[in-house]
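entry.cif (mmCIF, C-alpha atoms and all ligand atoms)
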```cif
data_input
loop_
_atom_site.label_atom_id
_atom_site.label_comp_id
_atom_site.auth_asym_id
_atom_site.auth_seq_id
_atom_site.Cartn_x
_atom_site.Cartn_y
_atom_site.Cartn_z
CA MET A 633 23.42 0.95 19.64
CA PRO A 634 19.62 1.04 20.01
CA GLU A 635 17.72 -2.06 18.97
CA ALA A 636 14.36 -0.41 19.45
CA ASP A 637 13.43 3.21 19.83
CA HIS A 638 10.67 5.20 21.47
CA ASP A 639 7.93 4.19 19.07
CA GLY A 640 8.68 0.49 19.21
CA LEU A 641 10.10 0.18 15.72
CA PRO A 642 13.36 -1.74 15.66
CA ASP A 643 16.41 0.06 14.37
CA TYR A 644 17.63 -1.21 11.00
CA ARG A 645 20.91 -2.19 12.68
CA ALA A 646 19.04 -5.07 14.33
CA VAL A 647 18.26 -6.74 10.98
CA GLY A 648 19.31 -10.40 10.69
CA ARG A 649 22.54 -10.66 8.75
CA HIS A 650 24.16 -13.46 6.81
CA ALA A 651 27.11 -13.67 4.46
CA VAL A 652 25.29 -12.25 1.42
CA PHE A 653 23.24 -9.63 3.23
CA PRO A 654 24.17 -6.19 1.82
CA ASN A 655 26.12 -3.83 4.05
CA ALA A 656 24.66 -0.41 4.80
CA ASP A 657 26.70 2.57 5.94
CA HIS A 658 25.40 5.17 8.40
CA ASP A 659 23.42 7.24 5.89
CA GLN A 660 21.97 4.20 4.12
CA THR A 661 20.91 2.79 7.48
CA GLU A 662 19.24 6.02 8.51
CA ARG A 663 17.47 6.27 5.16
CA PHE A 664 15.91 2.88 5.87
CA ASN A 665 15.08 3.95 9.43
CA PHE A 666 13.40 7.08 8.11
CA LEU A 667 11.33 5.08 5.60
CA ALA A 668 10.24 2.54 8.21
CA ARG A 669 9.08 5.39 10.45
CA LEU A 670 7.32 7.19 7.65
CA ASN A 671 5.49 3.93 6.83
CA ARG A 672 4.52 3.52 10.46
CA HIS A 673 3.36 7.14 10.68
CA LEU A 674 1.19 6.71 7.58
CA ALA A 675 -0.35 3.52 8.92
CA SER A 676 -0.89 4.55 12.52
CA VAL A 677 -1.52 8.32 12.32
CA VAL A 678 -2.67 9.25 8.81
CA LEU A 679 -4.68 6.15 7.89
CA PRO A 680 -7.05 6.37 10.88
CA GLY A 681 -7.82 9.91 9.65
CA VAL A 682 -8.68 8.49 6.23
CA ALA A 683 -11.02 5.99 7.92
CA ASP A 684 -12.72 8.87 9.78
CA ALA A 685 -13.01 10.87 6.57
CA TYR A 686 -14.62 7.88 4.87
CA ARG A 687 -17.13 7.45 7.68
CA GLN A 688 -17.88 11.13 8.24
CA ARG A 689 -17.71 12.62 4.75
CA VAL A 690 -17.26 10.16 1.88
CA GLU A 691 -19.87 7.56 2.75
CA PRO A 692 -22.55 10.12 3.79
CA ALA A 693 -21.99 12.10 0.56
CA PHE A 694 -22.33 8.92 -1.48
CA GLU A 695 -25.48 8.00 0.40
CA HIS A 696 -26.89 11.47 -0.10
CA ALA A 697 -26.33 11.26 -3.85
CA GLN A 698 -27.31 7.61 -4.41
CA GLY A 699 -29.82 6.95 -1.67
CA ARG A 700 -27.74 4.00 -0.43
CA LYS A 701 -24.29 3.16 0.91
CA PRO A 702 -21.58 1.93 -1.48
CA ALA A 703 -22.44 -1.67 -2.32
CA HIS A 704 -19.03 -2.72 -3.57
CA ARG A 705 -15.45 -1.68 -2.92
CA ARG A 706 -15.26 -0.34 -6.50
CA GLU A 707 -17.84 2.31 -5.66
CA ALA A 708 -16.20 3.10 -2.36
CA ARG A 709 -12.77 3.41 -3.99
CA GLN A 710 -14.09 5.80 -6.62
CA ALA A 711 -15.81 7.92 -3.98
CA LEU A 712 -12.71 7.93 -1.78
CA ALA A 713 -10.46 8.98 -4.67
CA ALA A 714 -11.81 12.56 -4.44
CA GLU A 715 -11.10 12.85 -0.69
CA PRO A 716 -8.01 15.05 -0.08
CA LEU A 717 -6.86 13.13 3.00
CA TYR A 718 -6.99 9.86 1.08
CA GLN A 719 -5.07 11.47 -1.78
CA THR A 720 -2.38 12.62 0.64
CA TRP A 721 -2.08 9.23 2.33
CA SER A 722 -2.05 7.37 -0.98
CA ALA A 723 0.54 9.63 -2.61
CA LEU A 724 2.83 9.38 0.41
CA ARG A 725 2.45 5.63 0.59
CA ARG A 726 3.31 5.25 -3.07
CA ASN A 727 6.24 7.56 -2.50
CA THR A 728 7.59 5.44 0.35
CA MET A 729 7.50 2.40 -1.96
CA GLU A 730 9.45 4.24 -4.63
CA MET A 731 11.95 5.62 -2.09
CA ARG A 732 12.37 2.19 -0.55
CA GLN A 733 13.21 0.71 -3.95
CA GLN A 734 15.62 3.51 -4.73
CA ALA A 735 17.31 3.15 -1.34
CA GLY A 736 17.57 -0.64 -1.67
CA LEU A 737 18.73 -0.76 -5.25
CA SER A 738 21.37 1.95 -4.84
CA LEU A 739 22.62 0.06 -1.78
CA VAL A 740 23.02 -3.27 -3.58
CA LEU A 741 24.24 -1.97 -6.94
CA GLY A 742 27.13 -0.33 -5.12
CA GLN A 743 28.32 -3.74 -3.86
CA ARG A 744 27.16 -5.94 -6.72
CA ASP A 745 30.51 -7.58 -7.41
CA GLN A 746 31.14 -8.48 -3.77
CA LEU A 747 27.62 -9.91 -3.45
CA ILE A 748 28.03 -12.02 -6.58
CA GLY A 749 31.50 -13.17 -5.47
CA GLU A 750 30.27 -14.17 -2.04
CA THR A 751 27.26 -15.96 -3.52
CA ARG A 752 29.48 -17.94 -5.89
CA ARG A 753 31.76 -18.87 -3.02
CA LEU A 754 28.93 -20.13 -0.82
CA ILE A 755 26.78 -22.05 -3.26
CA ASP A 756 27.05 -25.78 -3.08
CA GLU A 757 26.42 -26.93 -6.67
CA GLY A 758 24.04 -29.65 -5.50
CA ARG A 759 21.82 -27.08 -3.77
CA LEU A 760 21.11 -24.87 -6.80
CA ARG A 761 19.53 -26.07 -10.04
CA LEU A 762 19.14 -23.37 -12.67
CA ASP A 763 17.41 -24.03 -15.97
CA PRO A 764 17.85 -21.34 -18.62
CA GLN A 765 14.94 -22.87 -20.57
CA VAL A 766 12.46 -21.72 -17.93
CA ARG A 767 10.54 -18.75 -19.29
CA ILE A 768 9.36 -15.86 -17.17
CA PRO A 769 5.53 -15.98 -17.32
CA HIS A 770 3.91 -13.06 -19.06
CA TYR A 771 2.00 -12.01 -15.96
CA LEU A 772 5.30 -11.58 -14.14
CA SER A 773 7.18 -9.77 -16.89
CA ALA A 774 4.27 -7.42 -17.68
CA VAL A 775 4.93 -5.17 -14.68
CA ASP A 776 7.60 -4.54 -12.08
CA HIS A 777 5.84 -5.98 -9.05
CA HIS A 778 5.59 -3.63 -6.09
CA CYS A 779 7.63 -1.04 -7.97
CA MET A 780 10.82 -3.17 -7.93
CA PRO A 781 12.80 -1.99 -10.96
CA GLY A 782 13.43 -5.17 -12.98
CA SER A 783 11.23 -7.25 -10.70
CA TYR A 784 12.56 -10.53 -9.26
CA TYR A 785 14.15 -11.98 -12.36
CA THR A 786 16.22 -9.28 -14.12
CA GLU A 787 19.90 -10.13 -14.43
CA ARG A 788 22.00 -7.02 -14.86
CA THR A 789 25.18 -9.07 -15.25
CA ALA A 790 26.28 -12.73 -15.13
CA ASP A 791 25.23 -14.56 -11.97
CA ASP A 792 23.41 -11.47 -10.76
CA VAL A 793 21.76 -11.50 -7.33
CA THR A 794 20.97 -7.79 -6.89
CA ALA A 795 17.19 -8.21 -7.30
CA ALA A 796 17.19 -10.64 -4.40
CA ALA A 797 19.61 -8.64 -2.25
CA ASN A 798 17.40 -5.56 -2.71
CA TYR A 799 14.29 -7.56 -1.75
CA ASP A 800 16.02 -8.97 1.32
CA ALA A 801 17.48 -5.65 2.46
CA GLY A 802 14.16 -3.80 2.24
CA MET A 803 11.69 -6.27 3.76
CA PHE A 804 12.71 -5.29 7.27
CA VAL A 805 11.84 -1.70 6.36
CA THR A 806 8.44 -2.26 4.74
CA THR A 807 7.35 -4.67 7.47
CA GLY A 808 8.77 -2.65 10.37
CA GLY A 809 10.51 -5.83 11.56
CA MET A 810 7.14 -7.46 12.24
CA LEU A 811 8.21 -10.59 10.36
CA GLY A 812 11.38 -10.93 12.40
CA ARG A 813 15.03 -10.15 11.83
CA TYR A 814 15.19 -12.71 9.03
CA THR A 815 11.73 -11.91 7.59
CA ASP A 816 10.77 -15.49 8.32
CA GLY A 817 7.97 -15.06 10.88
CA GLY A 818 5.39 -16.47 8.45
CA GLY A 819 7.37 -19.69 7.93
CA ARG A 820 7.85 -19.98 11.70
CA GLY A 821 4.12 -19.49 12.18
CA MET A 822 3.46 -22.25 9.66
CA VAL A 823 5.72 -24.66 11.55
CA GLU A 824 3.82 -23.91 14.78
CA TYR A 825 0.51 -24.39 13.01
CA MET A 826 1.48 -27.85 11.73
CA ARG A 827 3.16 -28.92 14.96
CA ARG A 828 0.11 -28.03 17.02
CA ARG A 829 -2.27 -29.92 14.78
CA HIS A 830 -0.09 -32.82 13.70
CA PRO A 831 2.59 -33.21 16.39
CA ASN A 832 3.77 -36.60 15.15
CA TRP A 833 3.79 -35.82 11.48
CA ARG A 834 7.20 -36.10 9.79
CA PRO A 835 7.15 -35.04 6.15
CA ARG A 836 9.83 -36.67 4.04
CA ARG A 837 9.65 -34.45 0.98
CA ILE A 838 8.49 -30.83 0.95
CA LEU A 839 7.89 -28.56 -2.04
CA ASP A 840 7.70 -24.76 -1.73
CA LEU A 841 6.21 -22.92 -4.71
CA GLY A 842 7.35 -19.39 -5.61
CA CYS A 843 9.96 -19.58 -2.87
CA GLY A 844 11.59 -16.23 -3.63
CA LEU A 845 14.88 -16.12 -1.73
CA GLY A 846 13.57 -18.66 0.75
CA HIS A 847 12.54 -16.41 3.64
CA ASN A 848 9.65 -18.62 4.72
CA VAL A 849 10.84 -22.03 3.60
CA LEU A 850 14.03 -22.03 5.68
CA PRO A 851 12.21 -22.27 9.06
CA ILE A 852 10.25 -25.21 7.66
CA ALA A 853 13.43 -26.89 6.42
CA GLU A 854 15.07 -26.30 9.81
CA ALA A 855 12.08 -27.65 11.72
CA PHE A 856 11.95 -30.79 9.58
CA ALA A 857 15.67 -31.25 9.17
CA ASP A 858 15.33 -34.87 7.98
CA ALA A 859 13.10 -33.84 5.10
CA GLU A 860 14.32 -33.14 1.61
CA VAL A 861 13.04 -29.70 0.63
CA VAL A 862 12.69 -28.44 -2.93
CA ALA A 863 12.07 -24.71 -3.33
CA VAL A 864 11.08 -23.57 -6.82
CA ASP A 865 10.93 -20.16 -8.40
CA VAL A 866 11.24 -18.82 -11.94
CA ALA A 867 13.70 -16.08 -10.96
CA ALA A 868 17.37 -17.09 -11.07
CA PRO A 869 18.66 -14.16 -8.93
CA MET A 870 16.31 -15.15 -6.10
CA LEU A 871 17.42 -18.78 -6.27
CA ARG A 872 21.15 -18.03 -6.37
CA TYR A 873 20.88 -15.67 -3.46
CA GLY A 874 18.53 -18.05 -1.62
CA ALA A 875 20.97 -20.96 -1.96
CA ALA A 876 23.87 -18.84 -0.70
CA ARG A 877 21.79 -17.40 2.14
CA ALA A 878 20.69 -20.89 3.23
CA ALA A 879 24.30 -22.10 3.20
CA SER A 880 25.39 -19.11 5.23
CA LEU A 881 22.64 -19.75 7.77
CA GLY A 882 23.58 -23.43 8.01
CA VAL A 883 20.45 -24.88 6.39
CA ASP A 884 21.55 -27.71 4.12
CA ASN A 885 18.41 -29.68 3.21
CA VAL A 886 16.97 -27.30 0.59
CA VAL A 887 17.50 -27.50 -3.16
CA PHE A 888 16.66 -24.21 -4.91
CA ALA A 889 15.37 -25.11 -8.38
CA GLN A 890 14.39 -22.90 -11.29
CA ALA A 891 10.98 -24.03 -12.49
CA ASP A 892 7.54 -22.69 -13.31
CA ALA A 893 5.08 -23.79 -10.64
CA ALA A 894 2.46 -24.19 -13.36
CA ASP A 895 4.55 -26.81 -15.14
CA LEU A 896 6.41 -29.16 -12.83
CA ALA A 897 6.53 -32.24 -15.07
CA GLU A 898 10.07 -32.92 -13.84
CA PHE A 899 8.58 -34.04 -10.49
CA ASP A 900 6.80 -37.38 -10.25
CA ALA A 901 3.19 -37.90 -9.29
CA ALA A 902 2.61 -38.35 -5.54
CA SER A 903 6.23 -37.43 -4.80
CA PHE A 904 5.79 -34.79 -2.05
CA ASP A 905 3.99 -35.06 1.26
CA TRP A 906 3.88 -31.33 1.90
CA ILE A 907 3.40 -28.78 -0.88
CA GLN A 908 3.07 -25.20 0.16
CA SER A 909 3.23 -21.60 -0.99
CA THR A 910 3.53 -18.35 0.95
CA MET A 911 2.28 -15.07 -0.50
CA PHE A 912 2.77 -16.47 -3.98
CA LEU A 913 -0.62 -17.02 -5.61
CA HIS A 914 -1.47 -13.30 -5.79
CA GLU A 915 1.43 -12.78 -8.19
CA THR A 916 0.20 -15.30 -10.75
CA SER A 917 -2.88 -15.32 -13.01
CA CYS A 918 -6.20 -17.18 -13.28
CA ARG A 919 -4.81 -19.48 -15.95
CA ALA A 920 -1.63 -20.20 -14.02
CA LEU A 921 -3.65 -20.71 -10.84
CA ARG A 922 -5.60 -23.57 -12.46
CA ARG A 923 -2.41 -25.24 -13.60
CA ILE A 924 -0.68 -24.73 -10.25
CA MET A 925 -3.64 -26.33 -8.45
CA SER A 926 -3.61 -29.29 -10.89
CA GLU A 927 0.12 -29.77 -10.47
CA THR A 928 -0.19 -29.79 -6.68
CA ARG A 929 -2.98 -32.39 -6.92
CA ARG A 930 -0.80 -34.57 -9.14
CA MET A 931 2.33 -34.29 -6.99
CA ILE A 932 0.84 -34.65 -3.53
CA ALA A 933 1.31 -38.08 -1.94
CA PRO A 934 -1.54 -39.88 -0.13
CA GLY A 935 -1.83 -38.51 3.40
CA GLY A 936 -0.05 -35.31 2.39
CA PHE A 937 -0.90 -31.62 2.84
CA VAL A 938 -1.21 -28.86 0.27
CA ILE A 939 -1.19 -25.45 1.95
CA HIS A 940 -1.40 -21.99 0.42
CA ILE A 941 -0.85 -18.95 2.64
CA GLU A 942 -2.18 -15.63 1.45
CA GLN A 943 -3.79 -12.48 2.75
CA PRO A 944 -7.51 -13.01 3.41
CA GLN A 945 -10.08 -13.24 0.65
CA TYR A 946 -12.57 -10.38 0.38
CA ASP A 947 -15.57 -12.07 1.88
CA ALA A 948 -18.96 -10.58 2.69
CA ASP A 949 -17.91 -10.07 6.34
CA MET A 950 -15.00 -7.81 5.47
CA PRO A 951 -16.01 -4.12 5.74
CA ILE A 952 -15.92 -2.34 2.39
CA PHE A 953 -13.46 0.29 3.65
CA GLU A 954 -11.05 -2.47 4.68
CA GLN A 955 -11.42 -4.07 1.26
CA VAL A 956 -10.55 -0.76 -0.41
CA MET A 957 -7.47 -0.36 1.75
CA ARG A 958 -6.34 -3.94 1.17
CA ASP A 959 -6.87 -3.42 -2.54
CA TRP A 960 -4.64 -0.33 -2.65
CA ASP A 961 -1.66 -2.34 -3.89
CA ALA A 962 -3.54 -3.55 -6.95
CA PHE A 963 -3.99 0.00 -8.25
CA ASN A 964 -0.98 1.78 -6.83
CA ASN A 965 1.77 -0.75 -6.22
CA ASN A 966 1.89 -2.92 -9.35
CA GLU A 967 0.05 -5.96 -8.06
CA PRO A 968 -2.23 -6.60 -11.05
CA PHE A 969 -3.64 -9.98 -9.92
CA TRP A 970 -4.22 -8.95 -6.32
CA THR A 971 -7.90 -7.99 -6.69
CA LYS A 972 -8.87 -11.02 -8.75
CA LEU A 973 -7.07 -13.52 -6.52
CA HIS A 974 -8.77 -12.16 -3.41
CA ASP A 975 -12.17 -12.30 -5.08
CA VAL A 976 -12.11 -15.85 -6.46
CA ASP A 977 -13.37 -18.98 -4.75
CA LEU A 978 -10.08 -20.74 -4.07
CA ASP A 979 -11.88 -23.84 -2.83
CA GLN A 980 -13.57 -24.17 -6.19
CA TYR A 981 -10.21 -23.88 -7.95
CA MET A 982 -8.92 -26.72 -5.79
CA ILE A 983 -11.99 -28.84 -6.41
CA ASP A 984 -11.76 -28.21 -10.15
CA ALA A 985 -8.16 -29.45 -9.92
CA GLY A 986 -9.30 -32.76 -8.43
CA PHE A 987 -9.36 -32.23 -4.67
CA GLU A 988 -12.46 -33.42 -2.80
CA ARG A 989 -14.42 -30.82 -0.85
CA HIS A 990 -14.10 -32.86 2.36
CA GLU A 991 -10.29 -32.74 1.99
CA LEU A 992 -10.21 -28.94 2.15
CA PHE A 993 -9.48 -26.94 5.28
CA HIS A 994 -8.92 -23.30 6.25
CA GLY A 995 -7.09 -21.52 9.00
CA GLY A 996 -4.90 -18.60 9.85
CA VAL A 997 -1.26 -17.98 10.61
CA THR A 998 0.26 -15.02 12.38
CA ALA A 999 3.94 -14.30 12.13
CA VAL A 1000 5.85 -15.58 15.15
CA VAL A 1001 7.08 -12.55 17.07
CA ASP A 1002 10.84 -12.16 17.12
CA ARG A 1003 11.50 -11.69 20.85
CA GLU A 1004 14.91 -10.19 20.25
CA LEU A 1005 13.23 -7.34 18.37
CA PHE A 1006 10.10 -7.05 20.49
CA PRO A 1007 10.88 -8.42 23.97
CA ASP A 1008 7.70 -6.94 25.46
CA ALA A 1009 5.30 -8.03 22.73
CA ALA A 1010 2.10 -9.73 23.78
CA ASP A 1011 1.81 -13.32 22.65
CA ASP A 1012 -0.61 -12.85 19.81
CA ASN A 1013 0.19 -15.93 17.79
CA ALA A 1014 -3.51 -16.51 17.68
CA GLU A 1015 -4.16 -20.05 16.66
CA ASP A 1016 -7.48 -19.46 15.03
CA TYR A 1017 -8.10 -17.30 12.10
CA GLY A 1018 -9.54 -13.91 12.81
CA ARG A 1019 -8.89 -10.35 11.71
CA LYS A 1020 -5.69 -10.49 13.77
CA ALA A 1021 -4.28 -13.27 11.67
CA ALA A 1022 -1.94 -11.89 9.07
CA TRP A 1023 -2.49 -14.71 6.59
CA HIS A 1024 -5.25 -17.02 5.60
CA ILE A 1025 -4.64 -20.69 4.86
CA THR A 1026 -6.38 -22.55 2.07
CA GLY A 1027 -5.35 -26.16 2.32
CA ALA A 1028 -6.12 -29.77 1.53
CA HIS A 1029 -5.29 -32.95 3.42
CA VAL A 1030 -5.58 -35.78 0.94
C1 LIG B 1 6.03 -12.39 -3.24
S1 LIG B 1 7.27 -13.48 -3.72
C2 LIG B 1 7.03 -14.71 -2.46
C3 LIG B 1 8.30 -15.21 -1.89
C4 LIG B 1 8.27 -16.31 -0.87
N1 LIG B 1 7.24 -17.29 -1.07
C5 LIG B 1 8.27 -15.80 0.54
O1 LIG B 1 7.43 -16.24 1.33
O2 LIG B 1 9.13 -15.00 0.91
C6 LIG B 1 6.62 -14.32 -5.15
C7 LIG B 1 7.66 -15.17 -5.89
O3 LIG B 1 6.96 -15.99 -6.84
C8 LIG B 1 7.78 -16.15 -7.98
N2 LIG B 1 6.93 -16.63 -9.09
C9 LIG B 1 5.94 -15.98 -9.73
N3 LIG B 1 5.34 -16.78 -10.63
C10 LIG B 1 5.95 -17.99 -10.54
C11 LIG B 1 5.76 -19.24 -11.18
N4 LIG B 1 4.82 -19.42 -12.10
N5 LIG B 1 6.55 -20.25 -10.82
C12 LIG B 1 7.50 -20.12 -9.87
N6 LIG B 1 7.73 -18.95 -9.24
C13 LIG B 1 6.97 -17.89 -9.56
C14 LIG B 1 8.43 -14.80 -8.15
O4 LIG B 1 9.59 -14.89 -8.94
C15 LIG B 1 8.69 -14.39 -6.69
O5 LIG B 1 9.97 -14.77 -6.28
#
```
Could you render the structure as structure tokens?
Ligand SMILES: C[S@@+](CC[C@H](N)C(=O)[O-])C[C@H]1O[C@@H](n2cnc3c(N)ncnc32)[C@H](O)[C@@H]1O
Amino acid sequence: MPEADHDGLPDYRAVGRHAVFPNADHDQTERFNFLARLNRHLASVVLPGVADAYRQRVEPAFEHAQGRKPAHRREARQALAAEPLYQTWSALRRNTMEMRQQAGLSLVLGQRDQLIGETRRLIDEGRLRLDPQVRIPHYLSAVDHHCMPGSYYTERTADDVTAAANYDAGMFVTTGGMLGRYTDGGGRGMVEYMRRRHPNWRPRRILDLGCGLGHNVLPIAEAFADAEVVAVDVAAPMLRYGAARAASLGVDNVVFAQADAADLAEFDAASFDWIQSTMFLHETSCRALRRIMSETRRMIAPGGFVIHIEQPQYDADMPIFEQVMRDWDAFNNNEPFWTKLHDVDLDQYMIDAGFERHELFHGGVTAVVDRELFPDAADDNAEDYGRKAAWHITGAHV
């Protein structure tokens, strides 16, 4: 059975499995393989053509009409919208998202009862804390994020986990395996980042905000096995599945708790020495962001770290074409807060929440390459932030 094929994309059969990972038959597997390759084709063959079209046709036409180049990504996006190659790329990309959701959801709905049964069997009561009083924030319920029907939180039946199983099954497809078999390369990168900079640091209590099904918090919990880890999310299906997945993978120091990261009164002041989030802030709102920052300031213990990992902010150095491409999800993939989050001054939000400017730091994390998927990959776990880094860190050491 091939683990990698001619174009370097791993076969879906190489995905990391655990006891609640959905099974895929031959056709379902090949549907995922097809989608991963279509994604790759769009990114590596069609998108460079769009970049050429922007440079050779769209930007010169704009300049001809306006007497200047586009000054903001809004102008560039509007100009690009009339370019046929962009339209083709964009429509196909949107289509792959919809097909990926259809493929994933049909896969998991067909085995819903087994998935729920297995989850129930695996969950250790002490490792899952659900709170039916927790309300889904409006910004989350307003749209189905990245075209996921029912988003993260919809429960189609009692103890449902299908939203999470669909998310888990499809991440390997949309990322082309670049985050590893267990989609945990970002969490592994974070562990390396902290170990390099603070080799003797031993956090005792760690809080992960918007943990989802725990992809990126498990490597942290494994690396700091003596720490007590609390992973919070508002979505019960993600937490149930996350707790079962952790148990199946032998990670037993994480409690998955249902809570709104903007209101964590149940946790004491100065009670965590590492608070972190991975790819979470862009799915909130300006109001929630202020409250999340204040809560982290309240809960962080002296000497502790608050770290948020996100895709890079749109700064003045980022070419406008790149900004337009990065912003595609906001307009075409149900990510309504994406543009705003990447435009705001996150440092200022942290300072407004009570952090001191001298406590703030920045950096970058690249996903640790999964050598079993990519044995020949170059070691590009670049330590310093640059365009190669997948994620940007905004942090504070108090
Ligand atoms: C893109 S996922 C990130 C998952 C995870 N951090 C990871 O690295 O795989 C965002 C998660 O944030 C959760 N979420 C959104 N708003 C929240 C809030 N106010 N409090 C807690 N969780 C929230 C969603 O339910 C979703 O599971």
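For the set A:Arg669, A:Arg759, A:Arg788, A:His830, the residue with the smallest atom-to-atom gap to A:Thr806 is A:Arg669, counting only C-alpha atoms.
Interatomic distance, atom CA of A:Glu967 to atom CA of A:Ala863: 22.8 Å.
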Give me the residues of chain A that have any atom at most 7 Å from an atom of ligand LIG 1 (chain B); for each, the nearest atom pair and the distance in Å, rounded to one decimal. Use all atoms listed in the file, sort by chain and number, and format it as JSON lines.
```
{"residue": "A:Pro769", "atom": "CA", "partner": "B:LIG1", "partner_atom": "N4", "distance": 6.3}
{"residue": "A:Leu772", "atom": "CA", "partner": "B:LIG1", "partner_atom": "C9", "distance": 6.3}
{"residue": "A:Tyr784", "atom": "CA", "partner": "B:LIG1", "partner_atom": "O4", "distance": 5.3}
{"residue": "A:Tyr785", "atom": "CA", "partner": "B:LIG1", "partner_atom": "O4", "distance": 6.4}
{"residue": "A:Leu841", "atom": "CA", "partner": "B:LIG1", "partner_atom": "C12", "distance": 6.0}
{"residue": "A:Gly842", "atom": "CA", "partner": "B:LIG1", "partner_atom": "O3", "distance": 3.6}
{"residue": "A:Cys843", "atom": "CA", "partner": "B:LIG1", "partner_atom": "N1", "distance": 4.0}
{"residue": "A:Gly844", "atom": "CA", "partner": "B:LIG1", "partner_atom": "O5", "distance": 3.4}
{"residue": "A:Leu845", "atom": "CA", "partner": "B:LIG1", "partner_atom": "O2", "distance": 6.4}
{"residue": "A:Gly846", "atom": "CA", "partner": "B:LIG1", "partner_atom": "O2", "distance": 5.8}
{"residue": "A:His847", "atom": "CA", "partner": "B:LIG1", "partner_atom": "O2", "distance": 4.6}
{"residue": "A:Asn848", "atom": "CA", "partner": "B:LIG1", "partner_atom": "O1", "distance": 4.7}
{"residue": "A:Val864", "atom": "CA", "partner": "B:LIG1", "partner_atom": "C12", "distance": 5.8}
{"residue": "A:Asp865", "atom": "CA", "partner": "B:LIG1", "partner_atom": "N6", "distance": 3.5}
{"residue": "A:Val866", "atom": "CA", "partner": "B:LIG1", "partner_atom": "N6", "distance": 4.4}
{"residue": "A:Ala867", "atom": "CA", "partner": "B:LIG1", "partner_atom": "O4", "distance": 4.7}
{"residue": "A:Met870", "atom": "CA", "partner": "B:LIG1", "partner_atom": "O5", "distance": 6.4}
{"residue": "A:Ala891", "atom": "CA", "partner": "B:LIG1", "partner_atom": "C12", "distance": 5.9}
{"residue": "A:Asp892", "atom": "CA", "partner": "B:LIG1", "partner_atom": "N5", "distance": 3.6}
{"residue": "A:Ala893", "atom": "CA", "partner": "B:LIG1", "partner_atom": "N5", "distance": 3.8}
{"residue": "A:Ala894", "atom": "CA", "partner": "B:LIG1", "partner_atom": "N4", "distance": 5.5}
{"residue": "A:Ser909", "atom": "CA", "partner": "B:LIG1", "partner_atom": "N1", "distance": 5.9}
{"residue": "A:Thr910", "atom": "CA", "partner": "B:LIG1", "partner_atom": "N1", "distance": 4.4}
{"residue": "A:Met911", "atom": "CA", "partner": "B:LIG1", "partner_atom": "C2", "distance": 5.2}
{"residue": "A:Phe912", "atom": "CA", "partner": "B:LIG1", "partner_atom": "C6", "distance": 4.6}
{"residue": "A:Glu915", "atom": "CA", "partner": "B:LIG1", "partner_atom": "C9", "distance": 5.7}
{"residue": "A:Thr916", "atom": "CA", "partner": "B:LIG1", "partner_atom": "N3", "distance": 5.4}
{"residue": "A:Ala920", "atom": "CA", "partner": "B:LIG1", "partner_atom": "N4", "distance": 6.8}
```
With C-alpha atoms retained, write the just-selected residues as a PDB file, in the coordinates of the input.
```pdb
ATOM      1  CA  PRO A 769       5.530 -15.980 -17.320  1.00  0.00           C
ATOM      2  CA  LEU A 772       5.300 -11.580 -14.140  1.00  0.00           C
ATOM      3  CA  TYR A 784      12.560 -10.530  -9.260  1.00  0.00           C
ATOM      4  CA  TYR A 785      14.150 -11.980 -12.360  1.00  0.00           C
ATOM      5  CA  LEU A 841       6.210 -22.920  -4.710  1.00  0.00           C
ATOM      6  CA  GLY A 842       7.350 -19.390  -5.610  1.00  0.00           C
ATOM      7  CA  CYS A 843       9.960 -19.580  -2.870  1.00  0.00           C
ATOM      8  CA  GLY A 844      11.590 -16.230  -3.630  1.00  0.00           C
ATOM      9  CA  LEU A 845      14.880 -16.120  -1.730  1.00  0.00           C
ATOM     10  CA  GLY A 846      13.570 -18.660   0.750  1.00  0.00           C
ATOM     11  CA  HIS A 847      12.540 -16.410   3.640  1.00  0.00           C
ATOM     12  CA  ASN A 848       9.650 -18.620   4.720  1.00  0.00           C
ATOM     13  CA  VAL A 864      11.080 -23.570  -6.820  1.00  0.00           C
ATOM     14  CA  ASP A 865      10.930 -20.160  -8.400  1.00  0.00           C
ATOM     15  CA  VAL A 866      11.240 -18.820 -11.940  1.00  0.00           C
ATOM     16  CA  ALA A 867      13.700 -16.080 -10.960  1.00  0.00           C
ATOM     17  CA  MET A 870      16.310 -15.150  -6.100  1.00  0.00           C
ATOM     18  CA  ALA A 891      10.980 -24.030 -12.490  1.00  0.00           C
ATOM     19  CA  ASP A 892       7.540 -22.690 -13.310  1.00  0.00           C
ATOM     20  CA  ALA A 893       5.080 -23.790 -10.640  1.00  0.00           C
ATOM     21  CA  ALA A 894       2.460 -24.190 -13.360  1.00  0.00           C
ATOM     22  CA  SER A 909       3.230 -21.600  -0.990  1.00  0.00           C
ATOM     23  CA  THR A 910       3.530 -18.350   0.950  1.00  0.00           C
ATOM     24  CA  MET A 911       2.280 -15.070  -0.500  1.00  0.00           C
ATOM     25  CA  PHE A 912       2.770 -16.470  -3.980  1.00  0.00           C
ATOM     26  CA  GLU A 915       1.430 -12.780  -8.190  1.00  0.00           C
ATOM     27  CA  THR A 916       0.200 -15.300 -10.750  1.00  0.00           C
ATOM     28  CA  ALA A 920      -1.630 -20.200 -14.020  1.00  0.00           C
TER      29      ALA A 920
END
```
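Each of A:Val775, A:Phe953, A:Ile838, A:Pro642 was compared to A:Arg687 using all atoms listed in the file, and A:Phe953 turns out to be the nearest.
Ranking A:Gly699, A:Gly986, A:Pro1007, A:Gly648 by their shortest atom-to-atom distance to A:Arg813, with only C-alpha atoms included, puts A:Gly648 first.
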